[in-house]
file target_29.pdb (PDB, C-alpha atoms)
ATOM      1  CA  MET A  22      22.467  -2.461   6.776
ATOM      2  CA  SER A  23      19.261  -1.645   8.658
ATOM      3  CA  LEU A  24      16.416  -4.155   8.706
ATOM      4  CA  SER A  25      14.158  -1.897   6.633
ATOM      5  CA  ALA A  26      16.884  -1.431   3.994
ATOM      6  CA  HIS A  27      17.421  -5.193   3.934
ATOM      7  CA  LEU A  28      13.706  -5.781   3.389
ATOM      8  CA  GLU A  29      13.611  -3.174   0.623
ATOM      9  CA  GLN A  30      16.492  -4.930  -1.093
ATOM     10  CA  LEU A  31      14.598  -8.227  -0.937
ATOM     11  CA  GLY A  32      11.408  -6.567  -2.165
ATOM     12  CA  ARG A  33      12.795  -4.650  -5.130
ATOM     13  CA  PRO A  34      12.467  -7.579  -7.599
ATOM     14  CA  LEU A  35       8.768  -7.764  -6.705
ATOM     15  CA  VAL A  36       8.398  -4.023  -7.317
ATOM     16  CA  ASP A  37       9.972  -4.579 -10.726
ATOM     17  CA  ARG A  38       7.406  -7.304 -11.387
ATOM     18  CA  GLN A  39       4.641  -4.859 -10.482
ATOM     19  CA  LEU A  40       6.062  -2.373 -12.989
ATOM     20  CA  GLU A  41       5.683  -5.087 -15.632
ATOM     21  CA  HIS A  42       2.066  -5.848 -14.690
ATOM     22  CA  PRO A  43      -0.481  -4.796 -17.363
ATOM     23  CA  THR A  44      -2.538  -2.806 -14.852
ATOM     24  CA  VAL A  45       0.472  -0.769 -13.716
ATOM     25  CA  ILE A  46       1.655  -0.312 -17.300
ATOM     26  CA  GLY A  47      -1.807   0.988 -18.203
ATOM     27  CA  ILE A  48      -1.722   3.503 -15.359
ATOM     28  CA  ALA A  49       1.816   4.566 -16.283
ATOM     29  CA  LYS A  50       0.783   5.222 -19.870
ATOM     30  CA  GLY A  51      -2.553   6.737 -18.898
ATOM     31  CA  GLU A  52      -4.216   4.174 -21.152
ATOM     32  CA  LEU A  53      -5.781   1.725 -18.705
ATOM     33  CA  PRO A  54      -9.419   1.103 -19.723
ATOM     34  CA  ASP A  55     -11.826   2.856 -17.394
ATOM     35  CA  PRO A  56     -13.657  -0.347 -16.321
ATOM     36  CA  VAL A  57     -10.387  -1.941 -15.210
ATOM     37  CA  PHE A  58      -9.318   1.027 -13.102
ATOM     38  CA  ARG A  59     -12.857   1.377 -11.759
ATOM     39  CA  SER A  60     -12.742  -2.198 -10.475
ATOM     40  CA  TRP A  61      -9.234  -1.752  -9.072
ATOM     41  CA  LEU A  62     -10.258   1.507  -7.377
ATOM     42  CA  GLU A  63     -13.210  -0.149  -5.657
ATOM     43  CA  GLN A  64     -10.980  -2.965  -4.401
ATOM     44  CA  ASP A  65      -8.305  -0.582  -3.175
ATOM     45  CA  TYR A  66     -10.888   1.497  -1.344
ATOM     46  CA  LEU A  67     -12.044  -1.584   0.553
ATOM     47  CA  PHE A  68      -8.433  -2.524   1.205
ATOM     48  CA  LEU A  69      -7.605   0.902   2.645
ATOM     49  CA  LEU A  70     -10.512   0.771   5.085
ATOM     50  CA  ASP A  71      -8.923  -2.336   6.583
ATOM     51  CA  TYR A  72      -5.447  -0.809   6.328
ATOM     52  CA  VAL A  73      -6.652   1.919   8.692
ATOM     53  CA  ARG A  74      -7.780  -0.826  11.069
ATOM     54  CA  VAL A  75      -4.322  -2.409  10.859
ATOM     55  CA  PHE A  76      -2.635   0.853  11.864
ATOM     56  CA  SER A  77      -5.152   1.274  14.665
ATOM     57  CA  ARG A  78      -4.568  -2.251  15.969
ATOM     58  CA  LEU A  79      -0.804  -1.669  15.961
ATOM     59  CA  ALA A  80      -1.216   1.708  17.661
ATOM     60  CA  TRP A  81      -2.849  -0.053  20.613
ATOM     61  CA  GLN A  82       0.366  -2.108  21.045
ATOM     62  CA  ALA A  83       2.903   0.580  20.141
ATOM     63  CA  PRO A  84       5.496   2.025  22.481
ATOM     64  CA  ALA A  85       4.718   5.593  23.488
ATOM     65  CA  ALA A  86       7.364   6.953  21.125
ATOM     66  CA  HIS A  87       5.494   5.607  18.088
ATOM     67  CA  LEU A  88       1.862   5.860  19.132
ATOM     68  CA  GLY A  89       1.611   9.216  17.365
ATOM     69  CA  ASP A  90       3.266   7.828  14.223
ATOM     70  CA  LEU A  91       0.657   5.106  13.871
ATOM     71  CA  VAL A  92      -2.205   7.465  14.620
ATOM     72  CA  ASP A  93      -0.817   9.810  11.941
ATOM     73  CA  LEU A  94      -0.566   6.935   9.463
ATOM     74  CA  ALA A  95      -4.146   5.905  10.144
ATOM     75  CA  HIS A  96      -5.282   9.533   9.799
ATOM     76  CA  ALA A  97      -3.400  10.081   6.518
ATOM     77  CA  THR A  98      -4.775   6.866   5.065
ATOM     78  CA  TYR A  99      -8.339   7.589   6.085
ATOM     79  CA  HIS A 100      -8.429  11.264   5.154
ATOM     80  CA  ASP A 101      -5.897  11.661   2.327
ATOM     81  CA  GLU A 102      -5.751   8.369   0.449
ATOM     82  CA  LEU A 103      -9.440   7.641   0.759
ATOM     83  CA  ALA A 104     -10.213  11.217  -0.337
ATOM     84  CA  LEU A 105      -8.179  10.553  -3.482
ATOM     85  CA  HIS A 106     -10.223   7.418  -4.107
ATOM     86  CA  ARG A 107     -13.517   9.194  -3.559
ATOM     87  CA  GLY A 108     -12.457  11.944  -5.955
ATOM     88  CA  LEU A 109     -11.408   9.470  -8.633
ATOM     89  CA  ALA A 110     -14.541   7.395  -8.063
ATOM     90  CA  ALA A 111     -16.660  10.245  -9.362
ATOM     91  CA  GLU A 112     -14.589  10.396 -12.554
ATOM     92  CA  PHE A 113     -14.633   6.642 -13.136
ATOM     93  CA  ASP A 114     -18.228   6.057 -11.974
ATOM     94  CA  ALA A 115     -17.018   3.680  -9.272
ATOM     95  CA  ASP A 116     -19.410   2.337  -6.650
ATOM     96  CA  LEU A 117     -17.238   2.445  -3.540
ATOM     97  CA  ASP A 118     -20.032   1.762  -1.069
ATOM     98  CA  GLY A 119     -21.587  -1.056  -3.070
ATOM     99  CA  ALA A 120     -18.384  -2.893  -3.950
ATOM    100  CA  ALA A 121     -17.527  -6.315  -2.533
ATOM    101  CA  LYS A 122     -14.044  -7.660  -1.906
ATOM    102  CA  GLY A 123     -12.570  -9.865  -4.607
ATOM    103  CA  GLY A 124     -10.253 -12.754  -3.839
ATOM    104  CA  PRO A 125      -6.944 -10.826  -3.795
ATOM    105  CA  CYS A 126      -8.373  -8.082  -1.562
ATOM    106  CA  GLN A 127      -9.926 -10.572   0.845
ATOM    107  CA  ALA A 128      -6.705 -12.566   1.118
ATOM    108  CA  TYR A 129      -4.515  -9.502   1.595
ATOM    109  CA  THR A 130      -6.644  -7.787   4.217
ATOM    110  CA  ALA A 131      -7.069 -11.029   6.169
ATOM    111  CA  PHE A 132      -3.292 -11.488   6.170
ATOM    112  CA  LEU A 133      -2.681  -7.931   7.395
ATOM    113  CA  LEU A 134      -5.331  -7.976  10.103
ATOM    114  CA  ASP A 135      -4.091 -11.332  11.394
ATOM    115  CA  SER A 136      -0.470 -10.155  11.324
ATOM    116  CA  ALA A 137      -1.362  -7.022  13.296
ATOM    117  CA  ALA A 138      -2.101  -9.196  16.339
ATOM    118  CA  ASP A 139       1.678  -8.998  16.872
ATOM    119  CA  TYR A 140       3.280  -5.548  16.775
ATOM    120  CA  ALA A 141       6.563  -6.567  15.092
ATOM    121  CA  GLU A 142       4.985  -8.949  12.602
ATOM    122  CA  GLY A 143       2.307  -6.406  11.765
ATOM    123  CA  LEU A 144       4.877  -3.741  10.925
ATOM    124  CA  ALA A 145       6.770  -6.105   8.622
ATOM    125  CA  ALA A 146       3.533  -7.180   6.931
ATOM    126  CA  LEU A 147       2.241  -3.668   6.242
ATOM    127  CA  TYR A 148       5.543  -2.197   5.037
ATOM    128  CA  PRO A 149       5.234  -3.530   1.460
ATOM    129  CA  CYS A 150       2.185  -1.361   0.846
ATOM    130  CA  MET A 151       3.759   1.854   2.131
ATOM    131  CA  TRP A 152       7.218   1.312   0.672
ATOM    132  CA  GLY A 153       5.988  -0.328  -2.528
ATOM    133  CA  TYR A 154       3.578   2.462  -3.437
ATOM    134  CA  SER A 155       6.095   5.142  -2.556
ATOM    135  CA  THR A 156       8.641   3.442  -4.805
ATOM    136  CA  LEU A 157       6.151   2.931  -7.637
ATOM    137  CA  GLY A 158       4.987   6.521  -7.394
ATOM    138  CA  GLN A 159       8.507   7.907  -7.611
ATOM    139  CA  ILE A 160       9.365   5.717 -10.604
ATOM    140  CA  LEU A 161       6.142   6.443 -12.491
ATOM    141  CA  ALA A 162       6.485  10.188 -11.808
ATOM    142  CA  GLU A 163       9.690  10.236 -13.867
ATOM    143  CA  THR A 164       7.493   9.901 -16.975
ATOM    144  CA  PRO A 165       4.014  10.808 -15.736
ATOM    145  CA  PRO A 166       0.874   9.818 -17.664
ATOM    146  CA  ALA A 167      -0.822  12.496 -19.736
ATOM    147  CA  ASP A 168      -4.307  11.566 -18.487
ATOM    148  CA  PRO A 169      -4.839  13.895 -15.495
ATOM    149  CA  ARG A 170      -6.804  11.252 -13.603
ATOM    150  CA  TYR A 171      -3.909   8.796 -13.616
ATOM    151  CA  ARG A 172      -1.454  11.632 -13.125
ATOM    152  CA  ARG A 173      -3.236  12.511  -9.887
ATOM    153  CA  TRP A 174      -2.890   8.924  -8.670
ATOM    154  CA  VAL A 175       0.835   8.888  -9.496
ATOM    155  CA  ASP A 176       1.420  12.292  -7.899
ATOM    156  CA  THR A 177      -0.192  11.145  -4.638
ATOM    157  CA  TYR A 178       2.267   8.298  -4.175
ATOM    158  CA  ALA A 179       5.247  10.236  -5.513
ATOM    159  CA  ASP A 180       4.596  13.038  -3.020
ATOM    160  CA  PRO A 181       7.425  13.718  -0.531
ATOM    161  CA  GLY A 182       4.862  13.663   2.258
ATOM    162  CA  PHE A 183       3.999  10.066   1.455
ATOM    163  CA  ALA A 184       7.704   9.208   1.331
ATOM    164  CA  ALA A 185       8.086  10.754   4.788
ATOM    165  CA  LEU A 186       5.304   8.547   6.159
ATOM    166  CA  THR A 187       7.075   5.555   4.639
ATOM    167  CA  ARG A 188      10.312   6.508   6.385
ATOM    168  CA  ARG A 189       8.449   6.639   9.684
ATOM    169  CA  CYS A 190       7.337   3.062   9.092
ATOM    170  CA  ALA A 191      10.936   2.122   8.307
ATOM    171  CA  GLN A 192      12.114   3.656  11.564
ATOM    172  CA  MET A 193       9.594   1.655  13.546
ATOM    173  CA  ILE A 194      10.726  -1.552  11.838
ATOM    174  CA  ASP A 195      14.368  -0.755  12.570
ATOM    175  CA  GLU A 196      13.628  -0.217  16.256
ATOM    176  CA  VAL A 197      11.406  -3.230  16.886
ATOM    177  CA  GLU A 198      12.734  -6.513  18.224
ATOM    178  CA  ILE A 199      12.168  -9.208  15.594
ATOM    179  CA  GLU A 200      14.333 -11.914  14.078
ATOM    180  CA  SER A 201      15.407 -11.060  10.539
ATOM    181  CA  ALA A 202      14.010 -14.312   9.145
ATOM    182  CA  ARG A 203      10.594 -13.674  10.705
ATOM    183  CA  ALA A 204      10.493 -10.101   9.377
ATOM    184  CA  GLU A 205      11.469 -11.361   5.933
ATOM    185  CA  ARG A 206       8.684 -13.936   5.975
ATOM    186  CA  TYR A 207       5.956 -11.405   6.746
ATOM    187  CA  PHE A 208       7.392  -8.740   4.465
ATOM    188  CA  LEU A 209       7.722 -11.050   1.451
ATOM    189  CA  GLU A 210       4.223 -12.427   1.992
ATOM    190  CA  GLY A 211       2.981  -8.839   1.926
ATOM    191  CA  MET A 212       4.936  -8.178  -1.269
ATOM    192  CA  ARG A 213       3.327 -11.220  -2.909
ATOM    193  CA  HIS A 214      -0.100  -9.906  -1.960
ATOM    194  CA  GLU A 215       0.853  -6.511  -3.417
ATOM    195  CA  LEU A 216       1.643  -8.114  -6.763
ATOM    196  CA  ALA A 217      -1.523 -10.236  -6.764
ATOM    197  CA  PHE A 218      -3.655  -7.179  -5.975
ATOM    198  CA  TRP A 219      -3.041  -5.804  -9.476
ATOM    199  CA  ASP A 220      -4.991  -8.766 -10.906
ATOM    200  CA  VAL A 221      -8.232  -6.838 -11.090
ATOM    201  CA  PRO A 222     -11.383  -8.948 -10.582
ATOM    202  CA  GLY A 223     -13.752  -8.913 -13.504
TER     203      GLY A 223
END
call {"tool": "encode", "arguments": {"input": "target_29.pdb", "output": "structure tokens"}}
result
Amino acid sequence: MSLSAHLEQLGRPLVDRQLEHPTVIGIAKGELPDPVFRSWLEQDYLFLLDYVRVFSRLAWQAPAAHLGDLVDLAHATYHDELALHRGLAAEFDADLDGAAKGGPCQAYTAFLLDSAADYAEGLAALYPCMWGYSTLGQILAETPPADPRYRRWVDTYADPGFAALTRRCAQMIDEVEIESARAERYFLEGMRHELAFWDVPG
């Protein structure tokens, strides 16, 4: 079994816990109250700005074969995911520029930026976000929400293009030199941050 497949196997119970989280259930049903999603959207926007920085920091350390992959990941995050957030912000009256990081966002981004000081550890730490959202998107798309705003969010992460970016991350993890136990530690810490991120600050 490849390292990425092993990590996914370890992470699947935490994806299942996300599917049971009230915020995710509300998105899945298209019934999440607007103020809750507005707050989550603002936090995720701030998170993604730092996620771009994580990709950029790893790109500086990457072998030549994967420099383009990390640049592409940074580009897709900055231009595609953040465009989704800006579009949804208008519909939910979110204040993306005026928002401040809550506790879960601050803890998660600090963990990722610190982890990215080491190429292998950084890849393991960031993989939960890519793989987790791709997995959530595909599951939620099986019974998509009727509300077109939430449907658009689900469709973004269920998109085959996003799955392809996730597979590129998996390939980088499988090629990097890192002890399995160390990869597990960073990956599972990232998964725990993923779960905590759904606790939307009031």
call {"tool": "resolve_selection", "arguments": {"input": "target_29.pdb", "expression": "the PyMOL selection byres ((chain A and resi 163) around 12)", "output": "ChimeraX atom specification"}}
result
/A:49-50,156-162,164-166,172,175-176,179
call {"tool": "resolve_selection", "arguments": {"input": "target_29.pdb", "expression": "the PyMOL selection byres ((chain A and resi 62) around 9)", "output": "MDAnalysis selection string"}}
result
chainID A and resid 57:61 63:67 106 109:110 113 115 117
call {"tool": "residues_near_point", "arguments": {"input": "target_29.pdb", "point": "(14.1, -6.0, 0.8)", "cutoff": "12 Å", "atoms": "all atoms listed in the file", "output": "PyMOL selection string"}}
result
chain A and resi 22-36+145+148-149+152-153+191+201-202+204-212
call {"tool": "closest_residue", "arguments": {"input": "target_29.pdb", "among": "A:His96, A:Lys122, A:Arg74, A:Arg38", "to": "Arg213 (chain A)", "atoms": "all atoms listed in the file"}}
result
A:Arg38
call {"tool": "closest_residue", "arguments": {"input": "target_29.pdb", "among": "A:Arg189, A:His87, A:His42, A:Arg78", "to": "Trp219 (chain A)", "atoms": "only C-alpha atoms"}}
result
A:His42
call {"tool": "atom_distance", "arguments": {"input": "target_29.pdb", "atom1": "CA of Phe218 (chain A)", "atom2": "CA of Ala80 (chain A)"}}
result
25.4 Å
call {"tool": "closest_residue", "arguments": {"input": "target_29.pdb", "among": "A:Met193, A:Ala95, A:Ala121, A:Cys126", "to": "Ala217 (chain A)", "atoms": "all atoms listed in the file"}}
result
A:Cys126
call {"tool": "decode", "arguments": {"input": "target_29.pdb", "residues": "region 104-204 of chain A", "atoms": "C-alpha atoms", "output": "PDB file, in the first residue's frame"}}
result
ATOM      1  CA  ALA A 104     -13.159  33.032  -6.435  1.00  0.00           C
ATOM      2  CA  LEU A 105     -15.808  30.614  -5.168  1.00  0.00           C
ATOM      3  CA  HIS A 106     -15.597  32.225  -1.739  1.00  0.00           C
ATOM      4  CA  ARG A 107     -15.841  35.733  -3.131  1.00  0.00           C
ATOM      5  CA  GLY A 108     -18.876  34.729  -5.183  1.00  0.00           C
ATOM      6  CA  LEU A 109     -20.602  33.136  -2.204  1.00  0.00           C
ATOM      7  CA  ALA A 110     -19.651  36.067   0.022  1.00  0.00           C
ATOM      8  CA  ALA A 111     -21.893  38.334  -2.010  1.00  0.00           C
ATOM      9  CA  GLU A 112     -24.830  35.963  -1.507  1.00  0.00           C
ATOM     10  CA  PHE A 113     -24.253  35.534   2.223  1.00  0.00           C
ATOM     11  CA  ASP A 114     -23.220  39.147   2.928  1.00  0.00           C
ATOM     12  CA  ALA A 115     -19.850  37.980   4.229  1.00  0.00           C
ATOM     13  CA  ASP A 116     -17.117  40.477   5.064  1.00  0.00           C
ATOM     14  CA  LEU A 117     -14.042  38.674   3.762  1.00  0.00           C
ATOM     15  CA  ASP A 118     -11.680  41.625   4.069  1.00  0.00           C
ATOM     16  CA  GLY A 119     -12.839  42.640   7.532  1.00  0.00           C
ATOM     17  CA  ALA A 120     -12.899  39.179   9.091  1.00  0.00           C
ATOM     18  CA  ALA A 121     -10.458  38.109  11.804  1.00  0.00           C
ATOM     19  CA  LYS A 122      -9.216  34.588  12.420  1.00  0.00           C
ATOM     20  CA  GLY A 123     -11.016  32.601  15.093  1.00  0.00           C
ATOM     21  CA  GLY A 124      -9.251  30.078  17.291  1.00  0.00           C
ATOM     22  CA  PRO A 125      -9.563  27.023  15.001  1.00  0.00           C
ATOM     23  CA  CYS A 126      -8.367  28.974  11.947  1.00  0.00           C
ATOM     24  CA  GLN A 127      -5.434  30.494  13.817  1.00  0.00           C
ATOM     25  CA  ALA A 128      -4.350  27.121  15.187  1.00  0.00           C
ATOM     26  CA  TYR A 129      -4.670  25.342  11.849  1.00  0.00           C
ATOM     27  CA  THR A 130      -2.843  27.914   9.752  1.00  0.00           C
ATOM     28  CA  ALA A 131      -0.037  28.188  12.312  1.00  0.00           C
ATOM     29  CA  PHE A 132       0.364  24.405  12.232  1.00  0.00           C
ATOM     30  CA  LEU A 133       0.498  24.321   8.424  1.00  0.00           C
ATOM     31  CA  LEU A 134       2.902  27.224   8.040  1.00  0.00           C
ATOM     32  CA  ASP A 135       5.229  25.770  10.673  1.00  0.00           C
ATOM     33  CA  SER A 136       5.058  22.312   9.086  1.00  0.00           C
ATOM     34  CA  ALA A 137       5.924  23.747   5.667  1.00  0.00           C
ATOM     35  CA  ALA A 138       9.424  24.565   6.941  1.00  0.00           C
ATOM     36  CA  ASP A 139      10.132  20.908   6.084  1.00  0.00           C
ATOM     37  CA  TYR A 140       9.109  19.692   2.628  1.00  0.00           C
ATOM     38  CA  ALA A 141       8.044  16.156   3.634  1.00  0.00           C
ATOM     39  CA  GLU A 142       6.287  17.190   6.830  1.00  0.00           C
ATOM     40  CA  GLY A 143       4.537  20.025   5.029  1.00  0.00           C
ATOM     41  CA  LEU A 144       3.111  17.686   2.400  1.00  0.00           C
ATOM     42  CA  ALA A 145       1.768  15.312   5.051  1.00  0.00           C
ATOM     43  CA  ALA A 146       0.260  18.212   7.002  1.00  0.00           C
ATOM     44  CA  LEU A 147      -1.545  19.800   4.052  1.00  0.00           C
ATOM     45  CA  TYR A 148      -2.907  16.569   2.560  1.00  0.00           C
ATOM     46  CA  PRO A 149      -5.926  16.346   4.905  1.00  0.00           C
ATOM     47  CA  CYS A 150      -7.376  19.531   3.445  1.00  0.00           C
ATOM     48  CA  MET A 151      -7.017  18.465  -0.188  1.00  0.00           C
ATOM     49  CA  TRP A 152      -8.000  14.831   0.279  1.00  0.00           C
ATOM     50  CA  GLY A 153     -10.633  15.525   2.930  1.00  0.00           C
ATOM     51  CA  TYR A 154     -12.506  18.116   0.881  1.00  0.00           C
ATOM     52  CA  SER A 155     -12.304  16.015  -2.256  1.00  0.00           C
ATOM     53  CA  THR A 156     -13.753  13.073  -0.339  1.00  0.00           C
ATOM     54  CA  LEU A 157     -16.463  15.176   1.307  1.00  0.00           C
ATOM     55  CA  GLY A 158     -17.397  16.744  -2.004  1.00  0.00           C
ATOM     56  CA  GLN A 159     -17.779  13.394  -3.733  1.00  0.00           C
ATOM     57  CA  ILE A 160     -19.903  11.987  -0.905  1.00  0.00           C
ATOM     58  CA  LEU A 161     -22.140  15.051  -0.605  1.00  0.00           C
ATOM     59  CA  ALA A 162     -22.598  15.193  -4.397  1.00  0.00           C
ATOM     60  CA  GLU A 163     -24.348  11.812  -4.280  1.00  0.00           C
ATOM     61  CA  THR A 164     -27.354  13.614  -2.759  1.00  0.00           C
ATOM     62  CA  PRO A 165     -26.691  17.284  -3.505  1.00  0.00           C
ATOM     63  CA  PRO A 166     -28.443  20.073  -1.579  1.00  0.00           C
ATOM     64  CA  ALA A 167     -31.338  21.820  -3.281  1.00  0.00           C
ATOM     65  CA  ASP A 168     -30.111  25.296  -2.289  1.00  0.00           C
ATOM     66  CA  PRO A 169     -28.007  26.396  -5.293  1.00  0.00           C
ATOM     67  CA  ARG A 170     -25.546  28.251  -3.073  1.00  0.00           C
ATOM     68  CA  TYR A 171     -24.617  25.120  -1.137  1.00  0.00           C
ATOM     69  CA  ARG A 172     -24.836  23.056  -4.300  1.00  0.00           C
ATOM     70  CA  ARG A 173     -22.147  25.259  -5.832  1.00  0.00           C
ATOM     71  CA  TRP A 174     -19.882  24.655  -2.837  1.00  0.00           C
ATOM     72  CA  VAL A 175     -20.399  20.882  -3.069  1.00  0.00           C
ATOM     73  CA  ASP A 176     -19.867  20.847  -6.837  1.00  0.00           C
ATOM     74  CA  THR A 177     -16.532  22.662  -6.480  1.00  0.00           C
ATOM     75  CA  TYR A 178     -15.062  19.970  -4.253  1.00  0.00           C
ATOM     76  CA  ALA A 179     -16.712  17.094  -6.105  1.00  0.00           C
ATOM     77  CA  ASP A 180     -15.234  18.310  -9.395  1.00  0.00           C
ATOM     78  CA  PRO A 181     -12.877  15.854 -11.149  1.00  0.00           C
ATOM     79  CA  GLY A 182     -10.386  18.679 -11.559  1.00  0.00           C
ATOM     80  CA  PHE A 183     -10.123  19.052  -7.801  1.00  0.00           C
ATOM     81  CA  ALA A 184      -9.724  15.284  -7.457  1.00  0.00           C
ATOM     82  CA  ALA A 185      -6.879  15.444  -9.979  1.00  0.00           C
ATOM     83  CA  LEU A 186      -5.102  18.099  -7.909  1.00  0.00           C
ATOM     84  CA  THR A 187      -5.520  15.860  -4.874  1.00  0.00           C
ATOM     85  CA  ARG A 188      -3.923  12.951  -6.726  1.00  0.00           C
ATOM     86  CA  ARG A 189      -0.955  15.159  -7.555  1.00  0.00           C
ATOM     87  CA  CYS A 190      -0.515  15.804  -3.844  1.00  0.00           C
ATOM     88  CA  ALA A 191      -0.728  12.061  -3.216  1.00  0.00           C
ATOM     89  CA  GLN A 192       1.987  11.412  -5.776  1.00  0.00           C
ATOM     90  CA  MET A 193       4.301  13.894  -4.115  1.00  0.00           C
ATOM     91  CA  ILE A 194       3.724  12.243  -0.735  1.00  0.00           C
ATOM     92  CA  ASP A 195       4.432   8.810  -2.199  1.00  0.00           C
ATOM     93  CA  GLU A 196       7.723   9.993  -3.679  1.00  0.00           C
ATOM     94  CA  VAL A 197       9.078  11.927  -0.707  1.00  0.00           C
ATOM     95  CA  GLU A 198      11.433  10.398   1.832  1.00  0.00           C
ATOM     96  CA  ILE A 199       9.708  10.382   5.227  1.00  0.00           C
ATOM     97  CA  GLU A 200       9.234   7.785   7.935  1.00  0.00           C
ATOM     98  CA  SER A 201       5.685   6.439   8.010  1.00  0.00           C
ATOM     99  CA  ALA A 202       5.245   7.315  11.686  1.00  0.00           C
ATOM    100  CA  ARG A 203       6.299  10.928  11.092  1.00  0.00           C
ATOM    101  CA  ALA A 204       3.950  11.277   8.109  1.00  0.00           C
TER     102      ALA A 204
END
